[in-house]
>>> print(open('run-v7.txt').read())   # compact mmCIF, C-alpha atoms and all ligand atoms
# COMPACT_ATOMS: atom_id res chain seq x y z
CA MET A 1 21.41 -14.65 22.52
CA GLN A 2 19.51 -13.35 25.53
CA ASP A 3 21.28 -9.97 25.16
CA GLY A 4 20.16 -9.81 21.53
CA THR A 5 16.55 -10.54 22.54
CA ILE A 6 16.64 -7.80 25.17
CA ALA A 7 18.09 -5.31 22.69
CA VAL A 8 15.35 -6.04 20.11
CA SER A 9 12.52 -5.77 22.63
CA GLU A 10 14.02 -2.56 24.03
CA ARG A 11 14.12 -1.04 20.57
CA HIS A 12 10.50 -2.10 20.08
CA ALA A 13 9.52 -0.66 23.46
CA ALA A 14 11.31 2.55 22.46
CA GLY A 15 8.57 2.84 19.86
CA ARG A 16 9.82 1.74 16.42
CA TYR A 17 8.15 -0.73 14.07
CA ARG A 18 10.17 -3.93 13.66
CA GLY A 19 12.52 -4.33 10.66
CA PRO A 20 10.25 -6.63 8.59
CA ALA A 21 7.27 -4.26 9.10
CA ARG A 22 9.40 -1.29 7.99
CA LEU A 23 10.78 -3.22 5.00
CA MET A 24 7.27 -4.21 3.85
CA HIS A 25 5.95 -0.66 4.45
CA TRP A 26 8.60 0.90 2.19
CA LEU A 27 8.38 -1.82 -0.49
CA VAL A 28 4.61 -1.32 -0.75
CA ALA A 29 5.03 2.48 -0.59
CA LEU A 30 7.59 2.45 -3.43
CA ILE A 31 5.44 0.23 -5.65
CA VAL A 32 2.18 2.11 -4.95
CA LEU A 33 3.78 5.53 -5.46
CA CYS A 34 4.98 4.33 -8.92
CA MET A 35 1.71 2.52 -9.76
CA ILE A 36 -0.50 5.61 -9.44
CA PRO A 37 1.25 7.75 -12.13
CA VAL A 38 1.76 4.67 -14.35
CA GLY A 39 -1.96 3.85 -14.00
CA ILE A 40 -2.94 7.41 -14.94
CA ALA A 41 -0.48 7.59 -17.87
CA MET A 42 -1.17 4.20 -19.45
CA GLY A 43 -4.84 4.94 -20.08
CA ARG A 44 -3.99 8.25 -21.75
CA ILE A 45 -1.20 7.32 -24.19
CA ASN A 46 -1.65 5.87 -27.67
CA SER A 47 -1.97 2.13 -27.96
CA GLY A 48 1.27 0.38 -28.91
CA PRO A 49 4.20 -1.46 -27.31
CA LEU A 50 4.79 1.21 -24.62
CA GLN A 51 1.15 1.08 -23.52
CA ASP A 52 1.22 -2.75 -23.49
CA TRP A 53 4.38 -2.70 -21.37
CA LEU A 54 2.89 -0.24 -18.86
CA PHE A 55 -0.27 -2.39 -18.56
CA TYR A 56 1.90 -5.45 -18.02
CA LEU A 57 3.93 -3.72 -15.26
CA HIS A 58 0.82 -2.22 -13.64
CA GLU A 59 -0.90 -5.60 -13.45
CA ALA A 60 2.12 -7.61 -12.27
CA PHE A 61 3.06 -5.03 -9.61
CA GLY A 62 -0.61 -4.73 -8.58
CA PHE A 63 -0.60 -8.45 -7.85
CA THR A 64 2.70 -8.00 -5.94
CA VAL A 65 1.08 -5.29 -3.78
CA PHE A 66 -1.83 -7.64 -3.02
CA VAL A 67 0.54 -10.42 -1.86
CA LEU A 68 2.80 -8.04 0.13
CA VAL A 69 -0.19 -6.45 1.91
CA LEU A 70 -1.53 -9.90 2.84
CA ILE A 71 1.89 -10.87 4.28
CA ARG A 72 2.10 -7.50 6.02
CA LEU A 73 -1.32 -7.94 7.64
CA ALA A 74 -0.41 -11.47 8.80
CA TYR A 75 2.82 -10.08 10.30
CA ARG A 76 0.89 -7.24 11.97
CA VAL A 77 -1.54 -9.67 13.61
CA THR A 78 1.34 -11.71 15.06
CA HIS A 79 3.60 -8.69 15.88
CA LYS A 80 1.64 -5.81 17.38
CA PRO A 81 2.88 -2.31 16.43
CA PRO A 82 4.61 -0.37 19.23
CA PRO A 83 2.40 2.05 21.18
CA LEU A 84 2.30 5.66 19.92
CA PRO A 85 4.03 8.33 22.07
CA LEU A 86 1.71 9.56 24.86
CA SER A 87 1.91 13.10 23.43
CA VAL A 88 -0.17 12.07 20.37
CA PRO A 89 -3.75 13.34 20.95
CA ARG A 90 -6.74 11.01 20.85
CA TRP A 91 -8.18 12.48 17.63
CA GLN A 92 -4.90 11.82 15.80
CA ARG A 93 -4.82 8.21 17.04
CA ILE A 94 -8.37 7.67 15.77
CA ALA A 95 -7.62 9.43 12.45
CA SER A 96 -4.43 7.41 11.85
CA GLU A 97 -6.21 4.11 12.67
CA ALA A 98 -8.97 5.04 10.22
CA VAL A 99 -6.55 6.02 7.42
CA HIS A 100 -4.32 2.94 7.93
CA SER A 101 -7.33 0.59 7.97
CA ALA A 102 -8.80 2.20 4.84
CA LEU A 103 -5.41 1.89 3.09
CA TYR A 104 -5.15 -1.81 3.95
CA VAL A 105 -8.71 -2.53 2.72
CA LEU A 106 -8.32 -0.51 -0.51
CA LEU A 107 -4.83 -1.84 -1.29
CA LEU A 108 -6.26 -5.37 -1.11
CA ALA A 109 -9.44 -4.49 -3.02
CA GLN A 110 -7.81 -2.49 -5.84
CA PRO A 111 -5.68 -5.26 -7.44
CA PHE A 112 -8.67 -7.58 -7.19
CA ILE A 113 -10.94 -5.03 -8.94
CA GLY A 114 -8.28 -4.65 -11.67
CA TRP A 115 -8.09 -8.43 -12.16
CA PHE A 116 -11.90 -8.58 -12.34
CA GLY A 117 -11.96 -5.75 -14.94
CA ALA A 118 -9.19 -7.32 -17.05
CA SER A 119 -11.07 -10.66 -17.00
CA ALA A 120 -14.27 -8.97 -18.20
CA TYR A 121 -12.25 -7.21 -20.92
CA GLY A 122 -10.94 -10.59 -22.05
CA ALA A 123 -7.28 -9.75 -21.34
CA PRO A 124 -5.11 -12.39 -19.63
CA VAL A 125 -3.16 -11.08 -16.61
CA SER A 126 0.45 -12.30 -16.72
CA ILE A 127 2.48 -12.08 -13.53
CA PHE A 128 6.02 -11.28 -14.72
CA GLY A 129 5.68 -14.05 -17.34
CA LEU A 130 5.74 -16.65 -14.53
CA PHE A 131 2.04 -17.57 -14.59
CA THR A 132 -1.29 -16.17 -15.76
CA LEU A 133 -4.18 -15.42 -13.42
CA PRO A 134 -7.37 -17.34 -14.24
CA ALA A 135 -10.25 -15.25 -15.70
CA LEU A 136 -12.84 -14.39 -13.03
CA VAL A 137 -15.73 -13.79 -15.48
CA ALA A 138 -16.52 -14.34 -19.16
CA LYS A 139 -15.70 -11.54 -21.63
CA ASN A 140 -18.17 -8.68 -21.26
CA GLU A 141 -16.92 -5.24 -22.34
CA PRO A 142 -19.72 -3.09 -20.79
CA LEU A 143 -19.08 -4.86 -17.46
CA SER A 144 -15.32 -4.24 -17.87
CA ASP A 145 -15.95 -0.49 -18.48
CA ALA A 146 -18.06 -0.29 -15.31
CA ILE A 147 -15.44 -2.14 -13.26
CA PHE A 148 -12.62 0.10 -14.50
CA THR A 149 -14.66 3.19 -13.58
CA ILE A 150 -14.75 1.81 -10.01
CA HIS A 151 -11.00 1.05 -10.28
CA ASP A 152 -10.39 4.74 -11.19
CA TYR A 153 -12.41 6.03 -8.23
CA VAL A 154 -10.72 3.65 -5.80
CA GLY A 155 -7.33 4.74 -7.22
CA PHE A 156 -8.11 8.42 -6.62
CA THR A 157 -9.35 7.59 -3.10
CA ILE A 158 -6.06 5.78 -2.36
CA ALA A 159 -4.13 8.80 -3.70
CA GLY A 160 -6.18 11.13 -1.44
CA LEU A 161 -5.61 8.94 1.62
CA LEU A 162 -1.88 8.81 0.84
CA ALA A 163 -1.74 12.61 0.61
CA ILE A 164 -3.26 12.77 4.12
CA HIS A 165 -0.98 9.96 5.39
CA ILE A 166 2.26 11.45 4.00
CA GLY A 167 1.22 14.98 5.07
CA ALA A 168 0.61 13.72 8.63
CA ALA A 169 3.92 11.79 8.69
CA LEU A 170 5.83 14.91 7.55
CA MET A 171 3.94 17.10 10.05
CA HIS A 172 5.09 14.77 12.85
CA GLY A 173 8.64 14.69 11.50
CA LEU A 174 9.12 18.38 10.73
CA PHE A 175 6.90 20.27 13.21
CA GLN A 176 5.81 18.06 16.13
CA LYS A 177 9.18 16.25 16.23
CA ASP A 178 7.63 13.58 18.46
CA GLY A 179 9.40 10.55 16.94
CA VAL A 180 6.35 9.26 15.01
CA LEU A 181 8.11 9.55 11.61
CA GLN A 182 11.17 7.73 13.02
CA ARG A 183 8.90 4.80 14.03
CA MET A 184 8.69 3.83 10.35
CA TRP A 185 11.94 5.36 9.04
CA PRO A 186 13.86 2.73 6.97
CA PRO A 187 17.32 2.40 8.63
C1 LIG B 201 2.18 4.34 -1.01
C2 LIG B 201 2.65 4.85 0.05
C3 LIG B 201 2.32 4.42 1.46
C4 LIG B 201 1.44 3.50 1.96
C5 LIG B 201 0.52 2.59 1.18
C6 LIG B 201 1.55 3.54 3.40
C7 LIG B 201 0.79 2.76 4.27
C8 LIG B 201 0.94 2.74 5.65
C9 LIG B 201 0.18 1.93 6.56
C10 LIG B 201 -0.95 0.97 6.15
C11 LIG B 201 0.64 2.16 7.81
C12 LIG B 201 0.17 1.52 9.11
C13 LIG B 201 1.21 0.55 9.59
C14 LIG B 201 0.62 -0.40 10.62
O1 LIG B 201 0.42 0.01 11.76
O2 LIG B 201 0.37 -1.56 10.25
C15 LIG B 201 1.70 3.13 7.70
C16 LIG B 201 2.42 3.64 8.74
C17 LIG B 201 3.31 4.69 8.64
N1 LIG B 201 3.71 5.34 7.47
FE1 LIG B 201 3.10 4.92 5.63
N2 LIG B 201 2.49 4.48 3.74
C18 LIG B 201 2.99 5.04 2.58
C19 LIG B 201 3.94 6.02 2.46
C20 LIG B 201 4.53 6.66 3.51
C21 LIG B 201 5.46 7.77 3.42
C22 LIG B 201 5.96 8.38 2.09
C23 LIG B 201 5.79 8.12 4.69
C24 LIG B 201 6.73 9.20 5.17
C25 LIG B 201 6.84 10.37 4.61
C26 LIG B 201 5.09 7.22 5.59
C27 LIG B 201 5.20 7.23 6.95
C28 LIG B 201 4.59 6.35 7.82
C29 LIG B 201 4.79 6.36 9.25
C30 LIG B 201 5.69 7.31 10.04
C31 LIG B 201 3.99 5.32 9.77
C32 LIG B 201 3.83 4.92 11.25
C33 LIG B 201 2.66 5.68 11.82
C34 LIG B 201 2.48 5.29 13.28
O3 LIG B 201 3.45 5.24 13.98
O4 LIG B 201 1.33 5.02 13.68
N3 LIG B 201 4.32 6.36 4.85
N4 LIG B 201 1.86 3.48 6.36
>>> encode(input="run-v7.txt", output="structure tokens")
Amino acid sequence: MQDGTIAVSERHAAGRYRGPARLMHWLVALIVLCMIPVGIAMGRINSGPLQDWLFYLHEAFGFTVFVLVLIRLAYRVTHKPPPLPLSVPRWQRIASEAVHSALYVLLLAQPFIGWFGASAYGAPVSIFGLFTLPALVAKNEPLSDAIFTIHDYVGFTIAGLLAIHIGAALMHGLFQKDGVLQRMWPP
């Protein structure tokens, strides 16, 4: 038992995120990387069963992202991430903190904005058919249009931050080869 504890803390000291943090990172990454193209496509196709299905998936998985990010933040508060390698310059530490914080805030805000917009549109939000979210406001289509414009801008901001985040992770993995990519690598 004690040996196991030592092995886990040694792995952590060696600089990798713990298993649950990596699992939640890649679950959220997978969902968000699918949500962005689905979100763009569903507003541009003709109305019909396919569009309804994409809206349904987008809303239910958006709620899932919200819950997973909340759990992830709670886990992060109780389990501090391992320190970055000393070779990582100060500006990169500051930039990564800023991008990670912005991603957490926007990934929590975006599902909420979507729920607010759907409420104002008068559309119930079903979560995988298990339950329906309560409406946040009374039906008001102009308000819904305004909220979905904000939802679009926040979505494009998330996509831009992810491009920076993934570009930086690949730069560390392919060029700097300093172990930063391995910190979050799944296995
Ligand atoms: C939708 C996609 C993604 C989201 C929302 C996301 C979000 C995040 C966040 C919030 C963190 C900070 C973790 C923390 O300290 O609490 C993080 C860390 C990390 N992510 Fe992602 N990520 C995504 C995709 C990716 C991809 C595709 C890669 C690899 C190509 C990647 C590589 C990493 C690495 C290496 C770290 C650790 C950075 C460090 O050690 O400071 N991420 N990610």
>>> atom_distance(input="run-v7.txt", atom1="CA of Ala146 (chain A)", atom2="CA of Tyr121 (chain A)")
10.6 Å
>>> residues_near_ligand(input="run-v7.txt", ligand="ligand LIG 201 (chain B)", cutoff="6 Å", atoms="all atoms listed in the file", output="PyMOL selection string")
chain A and resi 28-29+32-33+76+81+100+103-104+166+169-170+180-181+183-184
>>> closest_residue(input="run-v7.txt", among="A:Gly43, A:Gly62, A:Gly19, A:Pro49", to="Ile31 (chain A)", atoms="only C-alpha atoms")
A:Gly62
>>> residues_around(input="run-v7.txt", residues="Pro142 (chain A)", least_positions_apart="6", cutoff="12 Å", atoms="all atoms listed in the file", output="list in words")
Gly117, Ala118, Ala120, Tyr121, Gly122, Phe148 and Thr149 of chain A
>>> write_last_selection(input="run-v7.txt", atoms="C-alpha atoms", output="PDB file, keeping the file's coordinate frame")
ATOM      1  CA  GLY A 117     -11.960  -5.750 -14.940  1.00  0.00           C
ATOM      2  CA  ALA A 118      -9.190  -7.320 -17.050  1.00  0.00           C
ATOM      3  CA  ALA A 120     -14.270  -8.970 -18.200  1.00  0.00           C
ATOM      4  CA  TYR A 121     -12.250  -7.210 -20.920  1.00  0.00           C
ATOM      5  CA  GLY A 122     -10.940 -10.590 -22.050  1.00  0.00           C
ATOM      6  CA  PHE A 148     -12.620   0.100 -14.500  1.00  0.00           C
ATOM      7  CA  THR A 149     -14.660   3.190 -13.580  1.00  0.00           C
TER       8      THR A 149
END
>>> axis_aligned_box(input="run-v7.txt", around="region 149-164 of chain A", padding_each_side="5 Å", output="lines of an AutoDock Vina configuration file")
center_x = -8.2
center_y = 6.9
center_z = -4.7
size_x = 23.0
size_y = 21.7
size_z = 27.7
>>> atom_distance(input="run-v7.txt", atom1="CA of Gly155 (chain A)", atom2="CA of Phe112 (chain A)")
12.4 Å
>>> residues_around(input="run-v7.txt", residues="region 157-159 of chain A", least_positions_apart="2", cutoff="10 Å", atoms="all atoms listed in the file", output="MDAnalysis selection string")
chainID A and resid 32:33 36 99 102:104 106:107 110 151:155 161:165
>>> residues_around(input="run-v7.txt", residues="region 63-72 of chain A", least_positions_apart="2", cutoff="12 Å", atoms="only C-alpha atoms", output="PyMOL selection string")
chain A and resi 18-35+56-61+74-81+100-101+103-115+125-128+131-133
>>> write_last_selection(input="run-v7.txt", atoms="C-alpha atoms", output="PDB file, in the frame of the given file")
ATOM      1  CA  ARG A  18      10.170  -3.930  13.660  1.00  0.00           C
ATOM      2  CA  GLY A  19      12.520  -4.330  10.660  1.00  0.00           C
ATOM      3  CA  PRO A  20      10.250  -6.630   8.590  1.00  0.00           C
ATOM      4  CA  ALA A  21       7.270  -4.260   9.100  1.00  0.00           C
ATOM      5  CA  ARG A  22       9.400  -1.290   7.990  1.00  0.00           C
ATOM      6  CA  LEU A  23      10.780  -3.220   5.000  1.00  0.00           C
ATOM      7  CA  MET A  24       7.270  -4.210   3.850  1.00  0.00           C
ATOM      8  CA  HIS A  25       5.950  -0.660   4.450  1.00  0.00           C
ATOM      9  CA  TRP A  26       8.600   0.900   2.190  1.00  0.00           C
ATOM     10  CA  LEU A  27       8.380  -1.820  -0.490  1.00  0.00           C
ATOM     11  CA  VAL A  28       4.610  -1.320  -0.750  1.00  0.00           C
ATOM     12  CA  ALA A  29       5.030   2.480  -0.590  1.00  0.00           C
ATOM     13  CA  LEU A  30       7.590   2.450  -3.430  1.00  0.00           C
ATOM     14  CA  ILE A  31       5.440   0.230  -5.650  1.00  0.00           C
ATOM     15  CA  VAL A  32       2.180   2.110  -4.950  1.00  0.00           C
ATOM     16  CA  LEU A  33       3.780   5.530  -5.460  1.00  0.00           C
ATOM     17  CA  CYS A  34       4.980   4.330  -8.920  1.00  0.00           C
ATOM     18  CA  MET A  35       1.710   2.520  -9.760  1.00  0.00           C
ATOM     19  CA  TYR A  56       1.900  -5.450 -18.020  1.00  0.00           C
ATOM     20  CA  LEU A  57       3.930  -3.720 -15.260  1.00  0.00           C
ATOM     21  CA  HIS A  58       0.820  -2.220 -13.640  1.00  0.00           C
ATOM     22  CA  GLU A  59      -0.900  -5.600 -13.450  1.00  0.00           C
ATOM     23  CA  ALA A  60       2.120  -7.610 -12.270  1.00  0.00           C
ATOM     24  CA  PHE A  61       3.060  -5.030  -9.610  1.00  0.00           C
ATOM     25  CA  ALA A  74      -0.410 -11.470   8.800  1.00  0.00           C
ATOM     26  CA  TYR A  75       2.820 -10.080  10.300  1.00  0.00           C
ATOM     27  CA  ARG A  76       0.890  -7.240  11.970  1.00  0.00           C
ATOM     28  CA  VAL A  77      -1.540  -9.670  13.610  1.00  0.00           C
ATOM     29  CA  THR A  78       1.340 -11.710  15.060  1.00  0.00           C
ATOM     30  CA  HIS A  79       3.600  -8.690  15.880  1.00  0.00           C
ATOM     31  CA  LYS A  80       1.640  -5.810  17.380  1.00  0.00           C
ATOM     32  CA  PRO A  81       2.880  -2.310  16.430  1.00  0.00           C
ATOM     33  CA  HIS A 100      -4.320   2.940   7.930  1.00  0.00           C
ATOM     34  CA  SER A 101      -7.330   0.590   7.970  1.00  0.00           C
ATOM     35  CA  LEU A 103      -5.410   1.890   3.090  1.00  0.00           C
ATOM     36  CA  TYR A 104      -5.150  -1.810   3.950  1.00  0.00           C
ATOM     37  CA  VAL A 105      -8.710  -2.530   2.720  1.00  0.00           C
ATOM     38  CA  LEU A 106      -8.320  -0.510  -0.510  1.00  0.00           C
ATOM     39  CA  LEU A 107      -4.830  -1.840  -1.290  1.00  0.00           C
ATOM     40  CA  LEU A 108      -6.260  -5.370  -1.110  1.00  0.00           C
ATOM     41  CA  ALA A 109      -9.440  -4.490  -3.020  1.00  0.00           C
ATOM     42  CA  GLN A 110      -7.810  -2.490  -5.840  1.00  0.00           C
ATOM     43  CA  PRO A 111      -5.680  -5.260  -7.440  1.00  0.00           C
ATOM     44  CA  PHE A 112      -8.670  -7.580  -7.190  1.00  0.00           C
ATOM     45  CA  ILE A 113     -10.940  -5.030  -8.940  1.00  0.00           C
ATOM     46  CA  GLY A 114      -8.280  -4.650 -11.670  1.00  0.00           C
ATOM     47  CA  TRP A 115      -8.090  -8.430 -12.160  1.00  0.00           C
ATOM     48  CA  VAL A 125      -3.160 -11.080 -16.610  1.00  0.00           C
ATOM     49  CA  SER A 126       0.450 -12.300 -16.720  1.00  0.00           C
ATOM     50  CA  ILE A 127       2.480 -12.080 -13.530  1.00  0.00           C
ATOM     51  CA  PHE A 128       6.020 -11.280 -14.720  1.00  0.00           C
ATOM     52  CA  PHE A 131       2.040 -17.570 -14.590  1.00  0.00           C
ATOM     53  CA  THR A 132      -1.290 -16.170 -15.760  1.00  0.00           C
ATOM     54  CA  LEU A 133      -4.180 -15.420 -13.420  1.00  0.00           C
TER      55      LEU A 133
END
>>> closest_residue(input="run-v7.txt", among="A:Trp185, A:Pro37, A:Pro89, A:Phe116", to="Ile150 (chain A)", atoms="all atoms listed in the file")
A:Phe116
>>> atom_distance(input="run-v7.txt", atom1="CA of Val137 (chain A)", atom2="CA of Pro124 (chain A)")
11.5 Å
